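Structure data follow from upload09.cif (mmCIF, C-alpha atoms):
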```
data_upload
#
loop_
_atom_site.label_atom_id
_atom_site.label_comp_id
_atom_site.auth_asym_id
_atom_site.auth_seq_id
_atom_site.Cartn_x
_atom_site.Cartn_y
_atom_site.Cartn_z
CA MET A 41 9.84 -49.78 22.44
CA SER A 42 6.38 -48.21 22.81
CA ASN A 43 7.54 -44.92 21.15
CA GLU A 44 9.07 -46.70 18.18
CA ARG A 45 6.87 -47.87 15.36
CA SER A 46 7.79 -51.27 14.07
CA PHE A 47 6.65 -52.85 10.84
CA GLU A 48 3.99 -54.95 12.56
CA ASN A 49 2.02 -52.14 14.20
CA VAL A 50 1.88 -49.64 11.32
CA GLU A 51 -1.72 -49.00 10.38
CA LEU A 52 -2.72 -48.70 6.77
CA GLY A 53 -5.07 -45.93 5.73
CA VAL A 54 -5.76 -42.45 6.95
CA ILE A 55 -6.88 -42.03 10.52
CA GLY A 56 -10.24 -40.33 10.80
CA LYS A 57 -11.35 -41.21 7.28
CA LYS A 58 -14.68 -42.99 7.20
CA LYS A 59 -15.02 -46.32 5.49
CA LYS A 60 -16.93 -46.21 2.23
CA VAL A 61 -20.19 -48.09 2.17
CA PRO A 62 -21.00 -49.77 -1.14
CA ARG A 63 -23.80 -48.12 -3.12
CA ARG A 64 -25.11 -51.54 -4.12
CA VAL A 65 -24.03 -55.16 -3.96
CA ILE A 66 -24.57 -57.34 -7.04
CA HIS A 67 -25.01 -61.08 -6.49
CA PHE A 68 -24.19 -63.34 -9.44
CA VAL A 69 -25.56 -66.80 -10.20
CA SER A 70 -22.10 -68.31 -9.76
CA GLY A 71 -22.09 -67.14 -6.15
CA GLU A 72 -19.73 -64.24 -6.64
CA THR A 73 -20.61 -60.78 -5.38
CA MET A 74 -19.50 -57.39 -6.61
CA GLU A 75 -19.70 -54.24 -4.52
CA GLU A 76 -20.28 -51.00 -6.42
CA TYR A 77 -19.06 -47.89 -4.71
CA SER A 78 -20.11 -44.36 -5.54
CA THR A 79 -17.40 -42.02 -6.73
CA ASP A 80 -16.82 -38.47 -5.58
CA GLU A 81 -18.21 -37.22 -8.91
CA ASP A 82 -21.45 -39.15 -8.35
CA GLU A 83 -21.82 -37.59 -4.93
CA VAL A 84 -21.21 -34.07 -6.29
CA ASP A 85 -23.65 -34.63 -9.17
CA GLY A 86 -26.25 -35.92 -6.75
CA LEU A 87 -25.90 -32.78 -4.59
CA GLU A 88 -26.14 -30.50 -7.64
CA LYS A 89 -29.32 -32.20 -8.85
CA LYS A 90 -30.90 -31.77 -5.47
CA ASP A 91 -30.04 -28.05 -5.47
CA VAL A 92 -31.44 -27.41 -8.97
CA LEU A 93 -34.93 -28.85 -8.57
CA PRO A 94 -36.26 -28.74 -5.04
CA THR A 95 -39.01 -31.17 -4.21
CA VAL A 96 -42.00 -29.04 -3.37
CA ASP A 97 -45.64 -30.02 -3.25
CA PRO A 98 -47.34 -27.27 -5.30
CA THR A 99 -50.79 -28.06 -3.92
CA LYS A 100 -49.82 -26.75 -0.50
CA LEU A 101 -48.39 -23.44 -1.76
CA THR A 102 -50.14 -20.08 -1.68
CA TRP A 103 -50.84 -18.17 -4.91
CA GLY A 104 -47.52 -16.24 -5.08
CA PRO A 105 -45.13 -19.16 -4.55
CA TYR A 106 -47.45 -21.38 -6.66
CA LEU A 107 -47.16 -19.08 -9.69
CA TRP A 108 -43.42 -18.60 -9.11
CA PHE A 109 -42.90 -22.41 -8.95
CA TYR A 110 -44.69 -23.11 -12.25
CA MET A 111 -43.09 -20.12 -13.97
CA LEU A 112 -39.62 -21.36 -12.95
CA ARG A 113 -40.46 -24.91 -14.07
CA ALA A 114 -41.80 -23.69 -17.45
CA ALA A 115 -38.73 -21.45 -17.97
CA THR A 116 -36.21 -24.22 -17.23
CA SER A 117 -38.00 -26.77 -19.41
CA THR A 118 -38.31 -24.23 -22.27
CA LEU A 119 -34.63 -23.42 -21.99
CA SER A 120 -33.74 -27.13 -22.05
CA VAL A 121 -35.87 -27.70 -25.17
CA CYS A 122 -34.37 -24.66 -26.94
CA ASP A 123 -30.85 -25.82 -26.06
CA PHE A 124 -31.55 -29.31 -27.41
CA LEU A 125 -33.15 -28.05 -30.62
CA GLY A 126 -30.39 -25.49 -31.14
CA GLU A 127 -27.74 -28.21 -30.95
CA LYS A 128 -29.63 -30.40 -33.43
CA ILE A 129 -30.21 -27.56 -35.92
CA ALA A 130 -26.58 -26.45 -35.65
CA SER A 131 -25.32 -29.96 -36.37
CA VAL A 132 -27.70 -30.34 -39.35
CA LEU A 133 -26.62 -27.01 -40.83
CA GLY A 134 -22.94 -27.73 -40.16
CA ILE A 135 -22.48 -24.73 -37.91
CA SER A 136 -20.98 -26.74 -35.08
CA THR A 137 -18.19 -28.18 -37.23
CA PRO A 138 -14.93 -26.26 -37.45
CA LYS A 139 -14.78 -23.95 -40.46
CA TYR A 140 -11.34 -25.01 -41.64
CA GLN A 141 -11.35 -28.62 -40.42
CA TYR A 142 -10.36 -29.85 -43.89
CA ALA A 143 -7.21 -27.71 -43.73
CA ILE A 144 -6.36 -28.99 -40.26
CA ASP A 145 -6.86 -32.61 -41.39
CA GLU A 146 -4.71 -32.01 -44.49
CA TYR A 147 -1.95 -30.46 -42.36
CA TYR A 148 -1.85 -33.44 -40.01
CA ARG A 149 -1.95 -35.88 -42.95
CA MET A 150 0.98 -34.13 -44.65
CA LYS A 151 2.90 -33.99 -41.38
CA LYS A 152 2.35 -37.73 -40.87
CA GLU A 153 3.49 -38.48 -44.44
CA GLU A 154 6.64 -36.38 -43.95
CA GLU A 155 7.44 -38.19 -40.71
CA GLU A 156 6.92 -41.56 -42.40
CA GLU A 157 9.12 -40.49 -45.32
CA GLU A 158 11.85 -39.27 -42.96
CA GLU A 159 11.65 -42.55 -41.06
CA GLU A 160 11.84 -44.51 -44.33
CA ASN A 161 14.84 -42.45 -45.51
CA ARG A 162 16.57 -42.90 -42.18
CA MET A 163 15.99 -46.65 -42.29
CA SER A 164 17.18 -46.93 -45.93
CA GLU A 165 20.32 -44.90 -45.14
CA GLU A 166 20.97 -47.13 -42.15
CA ALA A 167 20.47 -50.25 -44.28
CA GLU A 168 22.77 -48.84 -47.00
CA ARG A 169 25.43 -48.02 -44.39
CA HIS A 170 25.09 -51.50 -42.91
CA TYR A 171 25.36 -53.05 -46.39
CA GLN A 172 28.48 -51.00 -47.19
CA GLN A 173 30.10 -52.02 -43.91
CA ASN A 174 29.33 -55.68 -44.55
CA LYS A 175 30.64 -55.37 -48.12
CA LEU A 176 33.89 -53.77 -46.92
CA GLN A 177 34.32 -56.46 -44.30
CA ALA A 178 33.63 -59.19 -46.85
CA ASP A 179 36.08 -57.64 -49.35
CA SER A 180 38.80 -57.38 -46.74
CA ILE A 181 38.25 -61.00 -45.68
CA VAL A 182 38.33 -62.22 -49.29
CA GLN A 183 41.49 -60.28 -50.06
CA THR A 184 43.34 -61.53 -47.02
CA ASP A 185 42.33 -65.17 -47.56
CA GLN A 186 43.51 -65.39 -51.18
CA PRO A 187 47.11 -66.37 -51.81
CA GLU A 188 49.22 -64.20 -54.05
CA THR A 189 49.66 -65.72 -57.49
CA VAL A 190 51.72 -64.94 -60.55
CA VAL A 191 49.69 -63.17 -63.17
CA SER A 192 49.04 -65.53 -66.05
CA SER A 193 46.34 -65.62 -68.59
CA SER A 194 44.89 -68.59 -70.31
CA PHE A 195 42.71 -68.63 -73.37
CA VAL A 196 40.56 -71.51 -74.46
CA ASN A 197 39.36 -71.57 -78.04
CA LEU A 198 36.32 -73.67 -78.66
CA ASN A 199 35.02 -74.42 -82.13
CA PHE A 200 31.80 -76.22 -82.74
CA GLU A 201 31.17 -78.11 -85.97
CA MET A 202 27.94 -79.72 -86.91
CA GLU A 203 27.99 -83.27 -88.19
CA GLY A 204 26.20 -84.19 -91.35
CA GLU A 205 25.31 -81.94 -94.24
CA CYS A 206 26.23 -78.38 -93.80
CA GLU A 207 24.43 -75.84 -95.91
CA VAL A 208 26.16 -72.70 -96.89
CA PHE A 209 24.02 -69.62 -96.72
CA THR A 210 24.85 -66.85 -99.08
CA GLU A 211 23.33 -63.46 -99.03
CA ASN A 212 22.21 -61.76 -102.15
CA LYS A 213 22.82 -58.09 -101.96
CA GLN A 214 21.12 -55.89 -104.49
CA ASN A 215 22.67 -52.74 -105.74
CA PRO A 216 20.51 -49.78 -104.89
CA VAL A 217 19.37 -47.87 -107.92
CA SER A 218 18.55 -44.23 -107.62
CA VAL A 219 15.08 -43.26 -108.81
CA PRO A 220 14.85 -40.06 -110.88
CA PRO A 221 12.49 -37.45 -109.54
#
```
For this file, produce the structure as structure tokens.
Amino acid sequence: MSNERSFENVELGVIGKKKKVPRRVIHFVSGETMEEYSTDEDEVDGLEKKDVLPTVDPTKLTWGPYLWFYMLRAATSTLSVCDFLGEKIASVLGISTPKYQYAIDEYYRMKKEEEEEEEENRMSEEAERHYQQNKLQADSIVQTDQPETVVSSSFVNLNFEMEGECEVFTENKQNPVSVPP
């Protein structure tokens, strides 16, 4: 039984993987705590930042490395400022927006309208089909439930007379006379 692994002695996790230590622990007033762990991206970003700007004390450098250090620092800061200003100027002038964005937006709007219209047509056709089926079923039920009768017609004549004085209205028609030109 020592070679077989049973459910009880299976270990969870990867063997040899170190346990993550929380980057910081936050204590709340209610007594709860929250542990914040660093992600792999944070660790990679942290390593990249360390590689870009080394921590050097320029007061202990000789003239050559001293000038090289400040020249590199001035070049990187100038490049950062130019990049920032270039982005701002491009957005103000509208250079960073797509040239034919209005056409793209119009295409997607028309496509959405067509899809909605197709959906509406499909639903109306389905409703019409459902209505026709219900109508046919109702007609067949009505026809089968009615007894056959002999065809006969009946006519009721109703006359209404007013009580009291009845005035007779006569119309006066005038003969049209032709007018000479």
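Between atom CA of Pro62 of chain A and atom CA of Ser78 of chain A the interatomic distance comes to 7.0 Å.
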Checklist outcome for this item: atom CA of Ala143 of chain A to atom CA of Glu158 of chain A measures 22.3 Å
Next on the checklist: As an exercise, work out the distance from atom CA of Ser120 of chain A to atom CA of Tyr140 of chain A in Å and give it to one decimal place.
Outcome noted: 29.8 Å
Item to check | Exercise: Val96 of chain A partners within 10 Å, all atoms listed in the file, chain neighbours under 5 positions left out, as a list in words | outcome: Leu101, Tyr106 and Phe109 of chain A
